[in-house]
file my_file-v5.cif (mmCIF, C-alpha atoms)
data_protein
loop_
_atom_site.label_atom_id
_atom_site.label_comp_id
_atom_site.auth_asym_id
_atom_site.auth_seq_id
_atom_site.Cartn_x
_atom_site.Cartn_y
_atom_site.Cartn_z
CA MET A 244 21.82 -71.29 139.91
CA GLU A 245 19.51 -74.19 140.60
CA LYS A 246 18.24 -76.41 137.81
CA GLN A 247 15.39 -78.90 138.13
CA SER A 248 15.75 -80.53 134.72
CA ASN A 249 18.23 -82.00 132.29
CA GLU A 250 20.85 -79.51 131.09
CA SER A 251 19.46 -77.89 128.01
CA GLN A 252 19.51 -75.01 125.60
CA GLU A 253 17.52 -73.34 122.91
CA LEU A 254 18.28 -73.23 119.27
CA ASP A 255 16.72 -70.74 117.03
CA SER A 256 17.86 -72.05 113.60
CA GLN A 257 15.46 -73.66 110.99
CA LYS A 258 15.88 -76.35 108.31
CA GLN A 259 13.25 -76.93 105.62
CA PHE A 260 13.52 -78.68 102.28
CA GLY A 261 12.19 -81.73 100.36
CA GLU A 262 8.71 -80.31 99.86
CA GLU A 263 7.74 -82.79 97.19
CA TYR A 264 8.31 -85.70 99.55
CA ALA A 265 6.60 -84.37 102.66
CA ARG A 266 4.65 -87.55 103.28
CA ILE A 267 7.35 -90.03 102.36
CA ILE A 268 9.81 -91.54 104.83
CA LYS A 269 11.44 -94.91 104.87
CA GLU A 270 10.57 -97.52 107.46
CA ARG A 271 14.14 -97.70 108.70
CA TYR A 272 13.92 -94.08 109.88
CA SER A 273 12.04 -95.20 112.98
CA ASP A 274 14.84 -97.51 114.01
CA PRO A 275 17.31 -95.38 115.24
CA ASP A 276 15.20 -75.87 116.90
CA ALA A 277 16.02 -55.96 109.28
CA PHE A 278 17.62 -55.35 111.20
CA LEU A 279 19.75 -53.35 113.36
CA PRO A 280 18.52 -49.82 113.94
CA LYS A 281 19.52 -48.08 110.77
CA LYS A 282 22.51 -46.15 111.96
CA LYS A 283 25.99 -47.52 112.33
CA GLY A 284 24.94 -50.88 113.76
CA LEU A 285 24.45 -49.55 117.29
CA GLY A 286 28.18 -49.25 117.59
CA PHE A 287 29.30 -52.65 118.88
CA GLY A 288 30.58 -55.37 116.54
CA SER A 289 29.51 -58.47 118.50
CA GLY A 290 28.10 -61.92 117.95
CA ILE A 291 29.30 -65.47 117.70
CA LEU A 292 27.73 -67.09 114.68
CA ILE A 293 28.99 -65.41 111.53
CA GLY A 294 26.95 -65.79 108.37
CA SER A 295 23.98 -67.16 110.25
CA ILE A 296 21.60 -66.05 112.92
CA CYS A 297 21.67 -69.54 114.37
CA THR A 298 22.90 -69.56 117.96
CA MET A 299 25.35 -71.57 119.95
CA LEU A 300 24.80 -74.96 121.49
CA VAL A 301 26.55 -77.00 124.15
CA ILE A 302 25.41 -80.61 123.82
CA PHE A 303 24.27 -82.54 126.89
CA VAL A 304 23.33 -86.13 126.10
CA VAL A 305 20.69 -88.09 127.97
CA PHE A 306 19.48 -91.58 127.26
CA VAL A 307 15.79 -92.27 127.06
CA GLY A 308 14.34 -95.60 125.97
CA GLY A 309 17.47 -96.57 124.09
CA TYR A 310 17.62 -93.32 122.12
CA THR A 311 20.40 -90.79 122.37
CA ILE A 312 18.64 -87.47 122.83
CA VAL A 313 20.13 -84.01 122.98
CA ASN A 314 17.68 -81.93 124.96
CA THR A 315 18.22 -78.33 123.95
CA MET A 316 15.85 -76.66 126.35
CA GLY A 317 14.94 -78.28 129.45
CA SER A 318 11.99 -80.62 129.75
CA SER A 319 12.08 -84.33 130.33
CA ILE A 320 11.27 -86.37 127.24
CA ASP A 321 9.17 -89.48 127.72
CA LYS A 322 9.24 -91.98 124.89
CA ASP A 323 6.02 -93.95 124.58
CA SER A 324 6.81 -96.98 122.43
CA ASN A 325 3.14 -97.69 121.82
CA ASP A 326 2.55 -94.17 120.50
CA GLU A 327 5.60 -94.45 118.25
CA LYS A 328 4.47 -97.79 116.91
CA SER A 329 1.03 -96.40 116.22
CA LEU A 330 2.46 -93.46 114.25
CA LYS A 331 4.82 -95.75 112.38
CA GLU A 332 2.01 -98.11 111.42
CA GLU A 333 -0.10 -95.19 110.35
CA LEU A 334 2.61 -93.81 108.09
CA VAL A 335 4.33 -96.94 106.84
CA ASP A 336 1.66 -99.28 105.49
CA ASP A 337 1.19 -101.21 102.25
CA SER A 338 -0.18 -98.18 100.41
CA PHE A 339 2.85 -96.15 101.46
CA GLU A 340 5.28 -98.75 100.16
CA LYS A 341 3.35 -99.05 96.92
CA LYS A 342 3.37 -95.29 96.43
CA VAL A 343 7.09 -95.00 97.13
CA THR A 344 7.70 -97.80 94.63
CA GLU A 345 5.49 -96.11 92.05
CA LEU A 346 7.13 -92.71 92.50
CA SER A 347 10.59 -94.26 92.38
CA LYS A 348 9.83 -95.99 89.10
CA LEU A 349 8.38 -92.84 87.56
CA ILE A 350 11.32 -90.71 88.62
CA ASP A 351 13.81 -93.33 87.46
CA GLN A 352 12.07 -93.68 84.11
CA TYR A 353 11.20 -90.09 83.24
CA TYR A 354 13.37 -87.63 85.16
CA TYR A 355 15.54 -85.95 82.54
CA GLU A 356 18.84 -85.73 84.46
CA GLU A 357 21.05 -88.03 86.47
CA ILE A 358 19.46 -88.83 89.81
CA ASP A 359 21.29 -88.26 93.09
CA LYS A 360 19.74 -91.10 95.07
CA ASN A 361 21.21 -89.95 98.38
CA ALA A 362 19.76 -86.47 97.91
CA LEU A 363 16.40 -88.03 97.10
CA VAL A 364 16.39 -90.05 100.31
CA GLU A 365 17.59 -87.10 102.39
CA GLY A 366 14.81 -85.02 100.85
CA MET A 367 12.27 -87.60 102.00
CA TYR A 368 13.54 -87.47 105.56
CA ALA A 369 13.52 -83.67 105.50
CA GLY A 370 10.02 -83.75 104.09
CA MET A 371 8.71 -85.50 107.16
CA ALA A 372 9.88 -82.65 109.41
CA GLU A 373 8.57 -80.12 106.91
CA GLY A 374 5.20 -81.88 106.90
CA LEU A 375 4.72 -80.77 110.50
CA GLY A 376 4.19 -77.25 109.22
CA ASP A 377 6.43 -75.89 111.97
CA PRO A 378 9.13 -73.46 110.77
CA TYR A 379 11.32 -74.39 113.75
CA SER A 380 11.29 -78.17 113.28
CA ALA A 381 13.78 -79.53 110.78
CA TYR A 382 15.91 -82.44 109.62
CA PHE A 383 19.70 -82.21 109.35
CA SER A 384 21.70 -84.56 107.13
CA ALA A 385 24.88 -85.97 108.65
CA GLU A 386 26.94 -83.31 106.84
CA GLU A 387 24.68 -80.49 107.95
CA TYR A 388 24.62 -81.69 111.54
CA ALA A 389 28.41 -82.02 111.59
CA SER A 390 28.69 -78.50 110.19
CA PHE A 391 26.26 -77.24 112.80
CA ASN A 392 28.26 -78.81 115.63
CA GLU A 393 31.44 -77.33 114.21
CA SER A 394 29.86 -73.89 114.26
CA THR A 395 29.24 -74.16 118.01
CA THR A 396 32.94 -73.53 118.64
CA GLY A 397 32.43 -69.94 117.50
CA VAL A 398 35.55 -70.07 115.33
CA TYR A 399 35.28 -70.89 111.66
CA CYS A 400 36.04 -69.47 108.24
CA GLY A 401 33.56 -66.92 106.97
CA ILE A 402 33.19 -63.28 106.02
CA GLY A 403 31.99 -61.67 109.25
CA THR A 404 28.24 -61.14 109.03
CA VAL A 405 25.12 -62.07 110.94
CA LEU A 406 22.10 -62.85 108.76
CA THR A 407 18.37 -63.01 109.31
CA GLN A 408 15.72 -64.63 107.14
CA ASP A 409 12.05 -63.84 106.69
CA VAL A 410 10.35 -67.20 107.32
CA LYS A 411 7.56 -66.35 104.87
CA THR A 412 9.52 -64.98 101.91
CA ASN A 413 12.95 -66.56 102.54
CA VAL A 414 14.54 -63.15 101.90
CA VAL A 415 17.90 -62.97 103.69
CA THR A 416 19.07 -59.66 105.13
CA ILE A 417 22.48 -58.83 106.56
CA LEU A 418 21.65 -58.01 110.14
CA HIS A 419 25.13 -56.90 111.10
CA VAL A 420 28.62 -56.63 109.64
CA TYR A 421 31.36 -57.01 112.21
CA PRO A 422 34.25 -54.55 112.23
CA GLU A 423 37.66 -55.57 110.89
CA THR A 424 36.21 -58.54 109.01
CA PRO A 425 36.34 -59.40 105.29
CA ALA A 426 32.73 -58.31 104.82
CA GLU A 427 33.37 -54.82 106.23
CA GLU A 428 36.60 -54.46 104.31
CA SER A 429 34.81 -55.40 101.08
CA GLY A 430 32.10 -52.76 101.56
CA ILE A 431 29.14 -54.93 102.61
CA LYS A 432 26.84 -53.05 105.00
CA ASP A 433 24.14 -53.64 107.59
CA GLY A 434 20.72 -53.89 105.95
CA ASP A 435 21.97 -55.21 102.61
CA ILE A 436 19.66 -57.87 101.16
CA ILE A 437 21.46 -60.89 99.72
CA VAL A 438 20.47 -61.49 96.10
CA LYS A 439 23.05 -64.16 95.28
CA VAL A 440 25.82 -66.17 96.88
CA ASP A 441 27.97 -67.15 93.89
CA ASP A 442 25.28 -68.54 91.55
CA ILE A 443 22.79 -69.37 94.31
CA ALA A 444 19.72 -67.15 94.73
CA GLY A 445 19.60 -65.68 98.21
CA ASP A 446 15.98 -66.66 98.80
CA SER A 447 16.23 -70.16 97.32
CA MET A 448 17.02 -72.07 100.51
CA GLU A 449 16.86 -72.03 104.28
CA LEU A 450 19.22 -69.72 106.14
CA SER A 451 21.63 -72.25 107.61
CA GLU A 452 22.10 -73.89 104.21
CA LEU A 453 22.81 -70.55 102.54
CA SER A 454 25.21 -69.74 105.36
CA ASN A 455 27.13 -72.94 104.61
CA HIS A 456 27.72 -71.64 101.08
CA ILE A 457 29.03 -68.34 102.43
CA LYS A 458 31.44 -70.07 104.79
CA GLY A 459 34.30 -72.10 103.37
CA GLU A 460 37.99 -72.79 103.33
CA GLU A 461 40.25 -70.02 104.58
CA GLY A 462 41.72 -67.96 101.75
CA THR A 463 39.02 -68.83 99.22
CA LYS A 464 36.61 -66.22 97.87
CA VAL A 465 32.83 -66.02 97.70
CA HIS A 466 30.89 -63.64 95.46
CA ILE A 467 28.08 -61.84 97.29
CA GLU A 468 25.51 -59.85 95.31
CA VAL A 469 23.28 -57.55 97.36
CA MET A 470 20.44 -55.10 96.99
CA ARG A 471 20.94 -51.89 98.96
CA GLN A 472 18.46 -49.17 99.76
CA GLY A 473 19.12 -46.10 97.64
CA GLU A 474 21.00 -48.03 94.94
CA SER A 475 19.28 -48.67 91.61
CA ASP A 476 21.52 -51.62 90.68
CA HIS A 477 22.66 -54.65 92.59
CA LEU A 478 26.12 -54.46 94.13
CA GLY A 479 28.66 -57.28 93.87
CA PHE A 480 31.51 -58.10 96.23
CA ASP A 481 34.23 -60.74 96.01
CA VAL A 482 34.99 -61.51 99.64
CA GLU A 483 37.89 -63.60 100.89
CA ARG A 484 37.03 -65.99 103.69
CA ARG A 485 39.14 -66.10 106.81
CA LYS A 486 38.89 -67.24 110.40
CA ILE A 487 36.33 -65.27 112.36
CA GLU A 488 36.04 -65.09 116.12
CA VAL A 489 33.74 -62.40 117.43
CA PRO A 490 32.62 -61.71 121.02
CA THR A 491 28.96 -61.53 121.97
CA VAL A 492 29.28 -58.81 124.61
CA GLU A 493 30.51 -55.24 124.18
CA TYR A 494 30.43 -52.55 126.82
CA GLN A 495 31.38 -48.98 127.64
CA MET A 496 30.91 -46.47 130.39
CA LEU A 497 28.64 -43.53 129.62
CA GLU A 498 28.64 -40.22 131.42
CA GLY A 499 27.00 -40.36 134.81
CA LYS A 500 28.66 -43.71 135.57
CA VAL A 501 26.04 -45.61 133.59
CA GLY A 502 27.37 -48.84 132.13
CA LEU A 503 26.12 -49.76 128.65
CA VAL A 504 26.32 -53.49 127.92
CA ARG A 505 25.25 -54.83 124.54
CA ILE A 506 24.59 -58.56 124.19
CA THR A 507 24.28 -59.71 120.59
CA GLU A 508 23.64 -63.40 121.30
CA PHE A 509 23.50 -65.79 124.23
CA SER A 510 26.27 -68.20 123.28
CA ASN A 511 28.23 -70.60 125.45
CA GLY A 512 30.88 -67.99 126.14
CA THR A 513 28.51 -65.08 126.77
CA PRO A 514 28.25 -65.46 130.58
CA GLU A 515 32.02 -65.24 130.95
CA GLN A 516 32.15 -62.18 128.69
CA PHE A 517 29.24 -60.67 130.63
CA ASP A 518 31.05 -61.26 133.93
CA LYS A 519 34.12 -59.49 132.58
CA ALA A 520 32.05 -56.54 131.36
CA ILE A 521 30.27 -56.15 134.71
CA ARG A 522 33.49 -56.52 136.67
CA GLU A 523 35.35 -53.90 134.65
CA LEU A 524 32.43 -51.47 134.68
CA GLN A 525 32.12 -51.87 138.46
CA GLU A 526 35.83 -51.14 138.81
CA GLN A 527 35.14 -47.90 136.90
CA GLY A 528 32.44 -47.01 139.42
CA MET A 529 29.25 -48.08 137.60
CA VAL A 530 26.14 -46.97 139.52
CA SER A 531 23.47 -48.11 137.02
CA MET A 532 23.33 -50.22 133.88
CA ILE A 533 21.72 -50.35 130.44
CA VAL A 534 21.48 -53.81 128.87
CA ASP A 535 20.98 -53.61 125.11
CA LEU A 536 19.18 -56.66 123.68
CA ARG A 537 18.05 -55.03 120.44
CA ASP A 538 18.40 -57.40 117.48
CA ASN A 539 19.54 -60.21 119.75
CA PRO A 540 18.00 -63.40 118.25
CA GLY A 541 18.47 -65.55 121.35
CA GLY A 542 20.72 -68.49 122.09
CA VAL A 543 21.62 -70.88 124.86
CA LEU A 544 19.16 -71.23 127.72
CA GLN A 545 21.80 -71.99 130.33
CA SER A 546 23.69 -68.87 129.33
CA VAL A 547 20.80 -66.49 129.76
CA CYS A 548 19.82 -68.15 133.04
CA GLU A 549 23.38 -67.94 134.34
CA MET A 550 23.44 -64.23 133.53
CA LEU A 551 20.03 -63.60 135.06
CA ASP A 552 21.19 -65.45 138.17
CA LYS A 553 23.82 -62.77 138.70
CA ILE A 554 21.30 -59.97 138.29
CA LEU A 555 18.05 -61.10 139.89
CA PRO A 556 17.18 -62.13 143.46
CA GLU A 557 16.36 -65.67 144.51
CA GLY A 558 13.45 -67.19 142.62
CA LEU A 559 12.14 -68.59 139.36
CA LEU A 560 13.73 -67.31 136.14
CA VAL A 561 11.80 -69.27 133.51
CA TYR A 562 10.00 -72.60 133.21
CA THR A 563 9.08 -74.91 130.36
CA GLU A 564 6.17 -77.31 129.83
CA ASP A 565 5.84 -80.08 127.26
CA LYS A 566 2.65 -81.61 125.86
CA TYR A 567 2.56 -84.17 128.67
CA GLY A 568 2.53 -81.45 131.30
CA ASN A 569 6.14 -82.07 132.38
CA ARG A 570 7.56 -78.88 133.83
CA SER A 571 11.19 -77.79 134.21
CA ASP A 572 12.11 -74.83 136.41
CA TYR A 573 15.22 -72.65 136.21
CA LYS A 574 15.98 -70.66 139.33
CA SER A 575 18.40 -68.07 140.66
CA ASP A 576 20.06 -67.92 144.05
CA LYS A 577 19.92 -65.03 146.52
CA ASP A 578 23.06 -63.25 145.25
CA CYS A 579 22.12 -60.40 142.91
CA MET A 580 23.05 -56.98 141.58
CA ASP A 581 21.34 -54.14 143.37
CA ILE A 582 21.64 -51.27 140.91
CA PRO A 583 19.08 -49.46 138.72
CA MET A 584 18.78 -51.06 135.30
CA ALA A 585 17.14 -50.47 131.91
CA VAL A 586 16.79 -53.07 129.15
CA LEU A 587 16.49 -52.08 125.47
CA ILE A 588 14.42 -54.38 123.21
CA ASN A 589 12.92 -54.31 119.73
CA GLY A 590 11.09 -56.52 117.28
CA ASN A 591 14.21 -58.59 116.63
CA SER A 592 14.82 -59.36 120.30
CA ALA A 593 13.79 -62.99 120.38
CA SER A 594 13.79 -66.20 122.38
CA ALA A 595 16.54 -66.11 125.03
CA SER A 596 16.45 -62.30 124.82
CA GLU A 597 12.78 -62.48 125.74
CA ILE A 598 13.57 -64.80 128.63
CA PHE A 599 15.98 -62.14 129.90
CA ALA A 600 13.58 -59.24 129.35
CA GLY A 601 10.58 -61.18 130.68
CA ALA A 602 12.32 -62.09 133.92
CA VAL A 603 13.54 -58.54 134.50
CA LYS A 604 10.03 -57.23 133.86
CA ASP A 605 8.28 -59.78 136.08
CA TYR A 606 10.65 -59.06 138.98
CA GLU A 607 10.24 -55.30 138.36
CA TYR A 608 14.01 -55.15 138.50
CA GLY A 609 14.46 -52.81 135.57
CA THR A 610 12.66 -50.72 132.96
CA LEU A 611 12.09 -52.13 129.46
CA ILE A 612 12.46 -49.50 126.73
CA GLY A 613 11.89 -49.78 122.98
CA THR A 614 9.32 -51.74 120.98
CA THR A 615 7.55 -55.07 121.45
CA SER A 616 9.86 -58.08 121.15
CA PHE A 617 9.66 -60.81 118.49
CA GLY A 618 7.48 -63.33 120.32
CA LYS A 619 9.12 -66.77 120.31
CA GLY A 620 8.00 -68.74 123.32
CA ILE A 621 8.64 -72.30 122.15
CA VAL A 622 11.49 -74.72 122.63
CA GLN A 623 13.40 -76.98 120.25
CA THR A 624 15.19 -80.28 120.88
CA ILE A 625 17.97 -81.74 118.75
CA ILE A 626 17.86 -85.56 118.52
CA PRO A 627 20.90 -87.16 116.85
CA LEU A 628 20.26 -90.33 114.80
CA LYS A 629 22.51 -93.36 114.43
CA ASP A 630 23.79 -92.40 110.97
CA GLY A 631 25.06 -89.00 112.12
CA SER A 632 22.01 -87.03 110.99
CA ALA A 633 19.62 -85.35 113.42
CA ILE A 634 16.13 -83.98 113.75
CA LYS A 635 15.12 -80.79 115.51
CA LEU A 636 11.62 -80.75 116.94
CA THR A 637 9.66 -78.09 118.76
CA MET A 638 9.30 -79.71 122.16
CA ALA A 639 7.75 -77.36 124.67
CA LYS A 640 6.55 -73.91 125.58
CA TYR A 641 8.35 -71.60 127.96
CA PHE A 642 6.84 -69.15 130.43
CA THR A 643 8.12 -66.08 132.25
CA PRO A 644 8.31 -66.20 136.07
CA LYS A 645 4.74 -64.93 136.36
CA GLY A 646 3.48 -67.55 133.93
CA ASN A 647 3.23 -65.38 130.81
CA TYR A 648 3.34 -67.22 127.48
CA ILE A 649 4.74 -64.76 124.97
CA HIS A 650 4.72 -66.80 121.74
CA GLU A 651 3.53 -64.71 118.77
CA ALA A 652 2.76 -61.91 121.22
CA GLY A 653 6.15 -60.73 122.39
CA ILE A 654 6.97 -58.67 125.45
CA SER A 655 5.74 -55.10 125.60
CA PRO A 656 8.21 -52.51 126.87
CA ASP A 657 7.41 -50.38 129.88
CA ILE A 658 8.25 -47.34 127.75
CA GLU A 659 7.26 -47.62 124.09
CA LEU A 660 9.77 -45.73 121.94
CA GLU A 661 10.64 -46.23 118.28
CA TYR A 662 14.33 -46.09 117.46
CA GLU A 663 15.72 -42.84 116.08
CA TYR A 664 19.31 -41.84 115.52
CA LEU A 665 19.66 -38.15 116.25
CA ASN A 666 22.73 -37.17 114.24
CA GLU A 667 22.82 -38.25 110.59
CA ASP A 668 26.25 -36.64 110.17
CA ASP A 669 27.96 -39.25 112.36
CA GLU A 670 30.27 -41.58 110.50
CA THR A 671 30.21 -44.06 113.34
CA TYR A 672 27.59 -44.94 115.92
CA ASP A 673 27.53 -42.84 119.08
CA PRO A 674 25.16 -44.08 121.83
CA MET A 675 24.69 -40.50 122.96
CA HIS A 676 22.81 -39.89 119.69
CA ASP A 677 20.60 -42.97 120.16
CA ASN A 678 17.19 -41.83 121.41
CA GLN A 679 16.48 -45.11 123.20
CA VAL A 680 19.80 -44.98 125.07
CA LEU A 681 19.08 -41.36 125.98
CA LYS A 682 15.66 -42.33 127.33
CA ALA A 683 17.31 -45.05 129.42
CA LEU A 684 19.76 -42.52 130.82
CA GLU A 685 16.85 -40.26 131.68
CA VAL A 686 15.05 -43.08 133.47
CA LEU A 687 18.19 -44.06 135.35
CA GLY A 688 18.95 -40.49 136.32
CA GLY A 689 22.19 -40.35 134.39
CA GLU A 690 23.38 -37.97 131.71
CA LYS A 691 20.57 -36.82 129.35
#
call {"tool": "encode", "arguments": {"input": "my_file-v5.cif", "output": "structure tokens"}}
result
Amino acid sequence: MEKQSNESQELDSQKQFGEEYARIIKERYSDPDAFLPKKKGLGFGSGILIGSICTMLVIFVVFVGGYTIVNTMGSSIDKDSNDEKSLKEELVDDSFEKKVTELSKLIDQYYYEEIDKNALVEGMYAGMAEGLGDPYSAYFSAEEYASFNESTTGVYCGIGTVLTQDVKTNVVTILHVYPETPAEESGIKDGDIIVKVDDIAGDSMELSELSNHIKGEEGTKVHIEVMRQGESDHLGFDVERRKIEVPTVEYQMLEGKVGLVRITEFSNGTPEQFDKAIRELQEQGMVSMIVDLRDNPGGVLQSVCEMLDKILPEGLLVYTEDKYGNRSDYKSDKDCMDIPMAVLINGNSASASEIFAGAVKDYEYGTLIGTTSFGKGIVQTIIPLKDGSAIKLTMAKYFTPKGNYIHEAGISPDIELEYEYLNEDDETYDPMHDNQVLKALEVLGGEK
């Protein structure tokens, strides 16, 4: 695969807090990114980031104008010192300093409890990112950034769930419970809405922060209170944390030699898992393939491009553009798979999933089946700061090979079909009772 930009990747997590201090930052700051179909989780327990819908990140560091910048999705970043100085002067003037002093005195004098000064300062920094009004831009404290980097290994102590959060209401829903994990063993199910994590309200904070409260030391317990459809009362579960390592690719051969490959996230390890799935299915005689991207929230740009490179012919896979007009292209080589293919998508197929689906659609290399995808066509960059904290900023837009910008629009399937599970008596998911899988088999000429 050819790359014409810095190594990069996309991050779909969000961090928002410090609302009361949205316009306050300190001068020294300038010195230094419901919902599985309702039956048996589509049958594959896969995914890499437990307890959070945030996706994986491999960090590539570039140096620009004396700053250490982690570029998480491919465009060059030009630092204009004059522009920065202008913004700094605009924000940090005499009136700013006077107001900070005034607020500090008032808080110190009248606030009724002990003041955590570090939390106050961190809230001010976070408030600057929040003041952008962009749900994907965020500030990470040193502890949060360290925790985030730790999560990129894909192995940590948790309960075995993937969560999603409504950006408007903050309501957190359990997107998927992985098999043979503490969450499943405790009775937590897909679609449960988190009411409380210990004494913390489920909708009181941003998703990654809530996830940090769910994760913890191996052998300790966390109390999860949920609201479940059909239950009049909330349900409570005491779940013991343990090490979780879950793959992001699951696969099986269907009748008619049609390979079914489900990708739950595009993590660092997904291309290798995808290669293994394809190789083993080909050894079994696979003649066509269904790629299931339903409820896949996205992930690492290099991963999805590496996987597309194996599927698609030579050409452009995706490109990004920043506000200065800088463009970065990601291309595939001439080696490709030459078999019929269908791709399943839904309203929770986002970001890197849409890059995959958009490229397949533009090349007319497969049939998209399901419902319109989420519609996230923007790119985030993680910039570490000297004190160990970091800021995530929306940096650029991305476009499909034919130049389509899908943000807030999504990708329309070639065949529109709402999900329906055709056998309510099943205790476990069977793809042969999934109407979208059956439609894909029909399109591919396999078993109906």
call {"tool": "resolve_selection", "arguments": {"input": "my_file-v5.cif", "expression": "the PyMOL selection byres ((chain A and resi 560) around 12)", "output": "ChimeraX atom specification"}}
result
/A:244-247,544-545,547-559,561-563,571-576,595,597-606,641-647
call {"tool": "atom_distance", "arguments": {"input": "my_file-v5.cif", "atom1": "CA of Thr637 (chain A)", "atom2": "CA of Ser616 (chain A)"}}
result
20.2 Å
call {"tool": "residues_around", "arguments": {"input": "my_file-v5.cif", "residues": "Leu660 (chain A)", "least_positions_apart": "5", "cutoff": "9 Å", "atoms": "all atoms listed in the file", "output": "PDB file with C-alpha atoms, in the coordinates of the input"}}
result
ATOM      1  CA  ILE A 612      12.460 -49.500 126.730  1.00  0.00           C
ATOM      2  CA  GLY A 613      11.890 -49.780 122.980  1.00  0.00           C
ATOM      3  CA  THR A 614       9.320 -51.740 120.980  1.00  0.00           C
ATOM      4  CA  ASN A 678      17.190 -41.830 121.410  1.00  0.00           C
ATOM      5  CA  GLN A 679      16.480 -45.110 123.200  1.00  0.00           C
ATOM      6  CA  LYS A 682      15.660 -42.330 127.330  1.00  0.00           C
TER       7      LYS A 682
END
call {"tool": "resolve_selection", "arguments": {"input": "my_file-v5.cif", "expression": "the PyMOL selection byres ((chain A and resi 625) around 6)", "output": "MDAnalysis selection string"}}
result
chainID A and resid 313 624 626 634:635
call {"tool": "write_last_selection", "arguments": {"input": "my_file-v5.cif", "atoms": "C-alpha atoms", "output": "mmCIF file, keeping the file's coordinate frame"}}
result
data_model
loop_
_atom_site.group_PDB
_atom_site.id
_atom_site.type_symbol
_atom_site.label_atom_id
_atom_site.label_comp_id
_atom_site.auth_asym_id
_atom_site.auth_seq_id
_atom_site.Cartn_x
_atom_site.Cartn_y
_atom_site.Cartn_z
ATOM 1 C CA VAL A 313 20.130 -84.010 122.980
ATOM 2 C CA THR A 624 15.190 -80.280 120.880
ATOM 3 C CA ILE A 626 17.860 -85.560 118.520
ATOM 4 C CA ILE A 634 16.130 -83.980 113.750
ATOM 5 C CA LYS A 635 15.120 -80.790 115.510
#
call {"tool": "atom_distance", "arguments": {"input": "my_file-v5.cif", "atom1": "CA of Tyr494 (chain A)", "atom2": "CA of Asp535 (chain A)"}}
result
9.7 Å
call {"tool": "closest_residue", "arguments": {"input": "my_file-v5.cif", "among": "A:Val530, A:Ser596, A:Pro378, A:Gln525", "to": "Phe509 (chain A)", "atoms": "all atoms listed in the file"}}
result
A:Ser596
call {"tool": "residues_around", "arguments": {"input": "my_file-v5.cif", "residues": "Lys464 (chain A)", "least_positions_apart": "3", "cutoff": "10 Å", "atoms": "all atoms listed in the file", "output": "tab-separated table (two decimals) with C-alpha atoms, keeping the file's coordinate frame"}}
result
chain	number	residue	atom	x	y	z
A	401	GLY	CA	33.56	-66.92	106.97
A	402	ILE	CA	33.19	-63.28	106.02
A	441	ASP	CA	27.97	-67.15	93.89
A	457	ILE	CA	29.03	-68.34	102.43
A	458	LYS	CA	31.44	-70.07	104.79
A	459	GLY	CA	34.30	-72.10	103.37
A	460	GLU	CA	37.99	-72.79	103.33
A	461	GLU	CA	40.25	-70.02	104.58
A	467	ILE	CA	28.08	-61.84	97.29
A	480	PHE	CA	31.51	-58.10	96.23
A	481	ASP	CA	34.23	-60.74	96.01
A	482	VAL	CA	34.99	-61.51	99.64
A	483	GLU	CA	37.89	-63.60	100.89
A	484	ARG	CA	37.03	-65.99	103.69
A	485	ARG	CA	39.14	-66.10	106.81
call {"tool": "closest_residue", "arguments": {"input": "my_file-v5.cif", "among": "A:Glu564, A:Asp669, A:Asp677, A:Glu515", "to": "Tyr648 (chain A)", "atoms": "only C-alpha atoms"}}
result
A:Glu564
call {"tool": "resolve_selection", "arguments": {"input": "my_file-v5.cif", "expression": "the PyMOL selection byres ((chain A and resi 443) around 12)", "output": "number ranges by chain"}}
result
A: 437-442, 444-449, 452-457, 465-468
call {"tool": "atom_distance", "arguments": {"input": "my_file-v5.cif", "atom1": "CA of Val504 (chain A)", "atom2": "CA of Lys577 (chain A)"}}
result
22.8 Å
call {"tool": "residues_near_point", "arguments": {"input": "my_file-v5.cif", "point": "(20.6, -42.3, 133.1)", "cutoff": "10 Å", "atoms": "all atoms listed in the file", "output": "CSV table (one decimal) with C-alpha atoms, in the coordinates of the input"}}
result
chain,number,residue,atom,x,y,z
A,497,LEU,CA,28.6,-43.5,129.6
A,498,GLU,CA,28.6,-40.2,131.4
A,499,GLY,CA,27.0,-40.4,134.8
A,500,LYS,CA,28.7,-43.7,135.6
A,501,VAL,CA,26.0,-45.6,133.6
A,502,GLY,CA,27.4,-48.8,132.1
A,530,VAL,CA,26.1,-47.0,139.5
A,531,SER,CA,23.5,-48.1,137.0
A,532,MET,CA,23.3,-50.2,133.9
A,533,ILE,CA,21.7,-50.4,130.4
A,583,PRO,CA,19.1,-49.5,138.7
A,584,MET,CA,18.8,-51.1,135.3
A,585,ALA,CA,17.1,-50.5,131.9
A,680,VAL,CA,19.8,-45.0,125.1
A,681,LEU,CA,19.1,-41.4,126.0
A,682,LYS,CA,15.7,-42.3,127.3
A,683,ALA,CA,17.3,-45.0,129.4
A,684,LEU,CA,19.8,-42.5,130.8
A,685,GLU,CA,16.8,-40.3,131.7
A,686,VAL,CA,15.0,-43.1,133.5
A,687,LEU,CA,18.2,-44.1,135.4
A,688,GLY,CA,19.0,-40.5,136.3
A,689,GLY,CA,22.2,-40.4,134.4
A,690,GLU,CA,23.4,-38.0,131.7
A,691,LYS,CA,20.6,-36.8,129.4
call {"tool": "residues_near_point", "arguments": {"input": "my_file-v5.cif", "point": "(32.1, -54.1, 130.1)", "cutoff": "7 Å", "atoms": "only C-alpha atoms", "output": "list of chain:residue names"}}
result
A:Glu493, A:Tyr494, A:Gln495, A:Val504, A:Lys519, A:Ala520, A:Ile521, A:Glu523, A:Leu524
